[in-house]
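K.L.:
Before anything else, here's the structure in question.
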Amino acid sequence: MQPRGARLTATAAGAVIGLLLASGCAPAQDPKSAAERPPAAEAPSTTPSAEAPATPLTMAQLKSVAFKEGEVPQAREPLAVQEPLPEGSGRSFPPVSVPACQTLIDVRDGEASFAHVFQHFNWKKNSMGGGSTLASYEDGRAEQRFAELERALATCRHYKGEGYAGPFEATVTTQASPEYGEEAVTFREIVPMGPENGGDRNEQFVVVRTGNTIATFSELSIGKDLFFPPEVITRQVERLRNAQRP
């Protein structure tokens, strides 16, 4: 931190003025009468306005920065970008058993965002595939949501939930944070499946905040620890950064 110069506080200034008055050394009075003195400069009638908040990216803008066909050679075509289903449509599930884990799920899924879209990747070398969620937020809200995610990760270790395949139990493990965007975390959610199903369901999540956006990248595998391609994450994060520049 740079050193800060000494400042004369209001209290100290008052003490100095009081000392001058008490010792007969008050500032000399202007000999000119009020009529003779030039008019004082008028104070500005307005004060500078605060910086306008950044406008969040719209759904159309998020779709425009998602990858197009031919841009991800590791994936099979097409690279479908999907909008969220209308509220109230589709199947819904009850919250998971641990509130902190529900917060983790909500943030990685783009819940409570201004706008979000999904993109699926059918990898050539991983039949289970991966996906990304690109979410935008009102000014400052992305930082708040990311902080909520970090607090959730500090306590969420196990939870029970229900999905399309029925009830399940998941274990959450955190990993070293990658260097993407302005903030990033990595964790895995592992669901026991048994040897008859080829091993545990293992899904890696990388969540990255860039300005007023949060992007989540997921890689699903069975019985393995696979990773979402780092170079694809880097390119997507850069696109989100560029899209927010004035």
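Ligands are numbered from 1 in the order shown, chains are lettered A, B, ... in the order of the structure tokens, and residues start at 1 in each chain.
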Just list as an NGL selection string whatever in segment 80-226 of chain A DSSP marks as helix (DSSP H, G or I).
P.N.:
:A and (99-108 or 141-155 or 195-197)
K.L.:
Create the file for the chosen residues now, containing N, CA and C atoms and written as a short mmCIF file (atom, residue, chain, number, x, y, z; two decimals), in the first residue's frame.
P.N.:
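What landed in part_24.cif:
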```cif
data_model
loop_
_atom_site.label_atom_id
_atom_site.label_comp_id
_atom_site.auth_asym_id
_atom_site.auth_seq_id
_atom_site.Cartn_x
_atom_site.Cartn_y
_atom_site.Cartn_z
N PRO A 99 -29.29 -26.70 2.23
CA PRO A 99 -29.50 -25.39 1.61
C PRO A 99 -28.26 -24.82 0.93
N ALA A 100 -27.08 -24.99 1.53
CA ALA A 100 -25.86 -24.48 0.91
C ALA A 100 -25.60 -25.15 -0.43
N CYS A 101 -25.90 -26.44 -0.52
CA CYS A 101 -25.71 -27.16 -1.77
C CYS A 101 -26.73 -26.70 -2.82
N GLN A 102 -27.93 -26.32 -2.38
CA GLN A 102 -28.91 -25.79 -3.32
C GLN A 102 -28.44 -24.46 -3.89
N THR A 103 -27.82 -23.65 -3.06
CA THR A 103 -27.25 -22.39 -3.54
C THR A 103 -26.19 -22.65 -4.59
N LEU A 104 -25.33 -23.62 -4.33
CA LEU A 104 -24.29 -23.99 -5.29
C LEU A 104 -24.92 -24.38 -6.63
N ILE A 105 -25.96 -25.19 -6.58
CA ILE A 105 -26.62 -25.65 -7.80
C ILE A 105 -27.27 -24.47 -8.53
N ASP A 106 -27.92 -23.59 -7.78
CA ASP A 106 -28.61 -22.46 -8.39
C ASP A 106 -27.64 -21.53 -9.11
N VAL A 107 -26.49 -21.26 -8.49
CA VAL A 107 -25.52 -20.35 -9.12
C VAL A 107 -24.92 -20.98 -10.37
N ARG A 108 -24.53 -22.24 -10.29
CA ARG A 108 -23.93 -22.87 -11.47
C ARG A 108 -24.93 -23.04 -12.59
N ARG A 141 -24.24 -7.53 -9.29
CA ARG A 141 -24.94 -8.72 -8.81
C ARG A 141 -24.12 -9.99 -9.05
N ALA A 142 -23.31 -10.03 -10.12
CA ALA A 142 -22.50 -11.21 -10.38
C ALA A 142 -21.48 -11.44 -9.26
N GLU A 143 -20.90 -10.35 -8.74
CA GLU A 143 -19.96 -10.47 -7.63
C GLU A 143 -20.67 -11.04 -6.40
N GLN A 144 -21.88 -10.57 -6.14
CA GLN A 144 -22.64 -11.08 -5.00
C GLN A 144 -22.93 -12.56 -5.15
N ARG A 145 -23.38 -12.97 -6.33
CA ARG A 145 -23.71 -14.38 -6.55
C ARG A 145 -22.47 -15.26 -6.46
N PHE A 146 -21.34 -14.75 -6.94
CA PHE A 146 -20.12 -15.56 -6.87
C PHE A 146 -19.68 -15.71 -5.41
N ALA A 147 -19.85 -14.65 -4.62
CA ALA A 147 -19.53 -14.75 -3.20
C ALA A 147 -20.43 -15.77 -2.51
N GLU A 148 -21.70 -15.81 -2.89
CA GLU A 148 -22.62 -16.81 -2.35
C GLU A 148 -22.16 -18.22 -2.73
N LEU A 149 -21.67 -18.38 -3.95
CA LEU A 149 -21.16 -19.68 -4.39
C LEU A 149 -19.96 -20.11 -3.54
N GLU A 150 -19.04 -19.19 -3.31
CA GLU A 150 -17.85 -19.53 -2.52
C GLU A 150 -18.23 -19.90 -1.09
N ARG A 151 -19.18 -19.18 -0.51
CA ARG A 151 -19.62 -19.54 0.85
C ARG A 151 -20.28 -20.91 0.86
N ALA A 152 -21.05 -21.22 -0.18
CA ALA A 152 -21.70 -22.53 -0.26
C ALA A 152 -20.67 -23.65 -0.37
N LEU A 153 -19.63 -23.41 -1.16
CA LEU A 153 -18.59 -24.43 -1.33
C LEU A 153 -17.82 -24.70 -0.04
N ALA A 154 -17.81 -23.73 0.87
CA ALA A 154 -17.09 -23.91 2.13
C ALA A 154 -17.79 -24.91 3.05
N THR A 155 -19.10 -25.14 2.84
CA THR A 155 -19.83 -26.03 3.74
C THR A 155 -20.52 -27.19 3.04
N PRO A 195 -20.47 -50.61 -9.65
CA PRO A 195 -19.64 -51.17 -10.74
C PRO A 195 -20.47 -51.69 -11.90
N GLU A 196 -21.71 -52.08 -11.64
CA GLU A 196 -22.55 -52.60 -12.72
C GLU A 196 -22.89 -51.51 -13.74
N ASN A 197 -22.72 -50.25 -13.35
CA ASN A 197 -22.98 -49.13 -14.27
C ASN A 197 -21.71 -48.47 -14.77
#
```
K.L.:
What is the atom CA of Met59 of chain A-atom CA of Arg241 of chain A distance in Å, reported with one decimal?
P.N.:
15.6 Å
K.L.:
Go through segment 94-123 of chain A residue by residue and, counting only C-alpha atoms, keep those with an atom at most 8 Å from segment 157-171 of chain A; for each kept residue give the shortest atom pair and its distance in Å to one decimal, ordered by chain and increasing number, as JSON lines.
P.N.:
```
{"residue": "A:Pro94", "atom": "CA", "partner": "A:Glu162", "partner_atom": "CA", "distance": 7.2}
{"residue": "A:Pro95", "atom": "CA", "partner": "A:Gly161", "partner_atom": "CA", "distance": 7.1}
{"residue": "A:Val96", "atom": "CA", "partner": "A:Gly161", "partner_atom": "CA", "distance": 4.5}
{"residue": "A:Ser97", "atom": "CA", "partner": "A:Lys160", "partner_atom": "CA", "distance": 5.2}
{"residue": "A:Val98", "atom": "CA", "partner": "A:Tyr159", "partner_atom": "CA", "distance": 5.7}
{"residue": "A:Cys101", "atom": "CA", "partner": "A:Tyr159", "partner_atom": "CA", "distance": 6.8}
```
K.L.:
Write the selection just made, keeping N, CA and C atoms, as a compact mmCIF listing (two decimals), in the first residue's frame?
P.N.:
```
# COMPACT_ATOMS: atom_id res chain seq x y z
N PRO A 94 -37.83 -31.01 -6.14
CA PRO A 94 -37.74 -30.31 -4.86
C PRO A 94 -36.30 -29.91 -4.58
N PRO A 95 -36.09 -28.92 -3.70
CA PRO A 95 -34.73 -28.53 -3.34
C PRO A 95 -33.97 -29.70 -2.74
N VAL A 96 -32.65 -29.69 -2.89
CA VAL A 96 -31.84 -30.76 -2.31
C VAL A 96 -31.82 -30.61 -0.80
N SER A 97 -31.25 -31.60 -0.12
CA SER A 97 -31.38 -31.70 1.33
C SER A 97 -30.58 -30.65 2.09
N VAL A 98 -29.56 -30.07 1.50
CA VAL A 98 -28.70 -29.09 2.19
C VAL A 98 -28.83 -27.74 1.51
N CYS A 101 -25.90 -26.44 -0.52
CA CYS A 101 -25.71 -27.16 -1.77
C CYS A 101 -26.73 -26.70 -2.82
```
K.L.:
If we count only C-alpha atoms and set the cut-off at 10 Å, which residues sit around segment 174-183 of chain A, ignoring sequence neighbours fewer than 2 positions away in its own chain? Please answer as a PyMOL selection string.
P.N.:
chain A and resi 143+146-147+153-154+156-157+172+185-189+204-211+213-215+230+233-234+237-238+240-241
K.L.:
With the cut-off set at 10 Å and counting only C-alpha atoms, tabulate each residue of segment 59-140 of chain A with an atom at most that distance from an atom of segment 217-227 of chain A, showing the nearest atom pair and its distance in Å to one decimal, ordered by chain and increasing number, as CSV.
P.N.:
```
residue,atom,partner,partner_atom,distance
A:Arg108,CA,A:Phe217,CA,8.6
A:Phe118,CA,A:Phe217,CA,9.9
A:Gln119,CA,A:Phe217,CA,9.5
A:His120,CA,A:Ser218,CA,9.5
A:Phe121,CA,A:Glu219,CA,9.2
A:Trp123,CA,A:Glu219,CA,9.8
A:Asn126,CA,A:Ser221,CA,7.5
A:Ser127,CA,A:Ser221,CA,8.3
A:Met128,CA,A:Leu220,CA,5.7
A:Gly129,CA,A:Leu220,CA,6.0
A:Gly130,CA,A:Glu219,CA,4.3
A:Gly131,CA,A:Ser218,CA,5.3
A:Ser132,CA,A:Phe217,CA,4.4
A:Thr133,CA,A:Phe217,CA,6.6
A:Leu134,CA,A:Phe217,CA,8.9
```
K.L.:
Can you check which residues of segment 126-218 of chain A DSSP gives as strand (DSSP E) on the backbone and send them as an MDAnalysis selection string?
P.N.:
chainID A and resid 130:136 158:163 166:175 183:191 201:210 213:218
K.L.:
From the list A:Thr216, A:Asn242, A:Asp139, A:Gly199, which residue is nearest Glu111 of chain A when using only C-alpha atoms?
P.N.:
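Looking at the shortest contact to Glu111 of chain A, the residue is A:Thr216.
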K.L.:
Would you kindly return, as a ChimeraX atom specification, each protein, DNA or RNA residue with an atom no farther than 10 Å from any atom of Lys68 of chain A, considering only C-alpha atoms and excluding same-chain residues fewer than 6 positions away?
P.N.:
/A:77-81
K.L.:
Can you tell me how far atom CA of Gln74 of chain A sits from atom CA of Lys125 of chain A, in Å to one decimal?
P.N.:
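Separating atom CA of Gln74 of chain A from atom CA of Lys125 of chain A is a distance of 7.8 Å.
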K.L.:
Separation of atom CA of Glu138 of chain A and atom CA of Gln61 of chain A, in Å?
P.N.:
14.5 Å
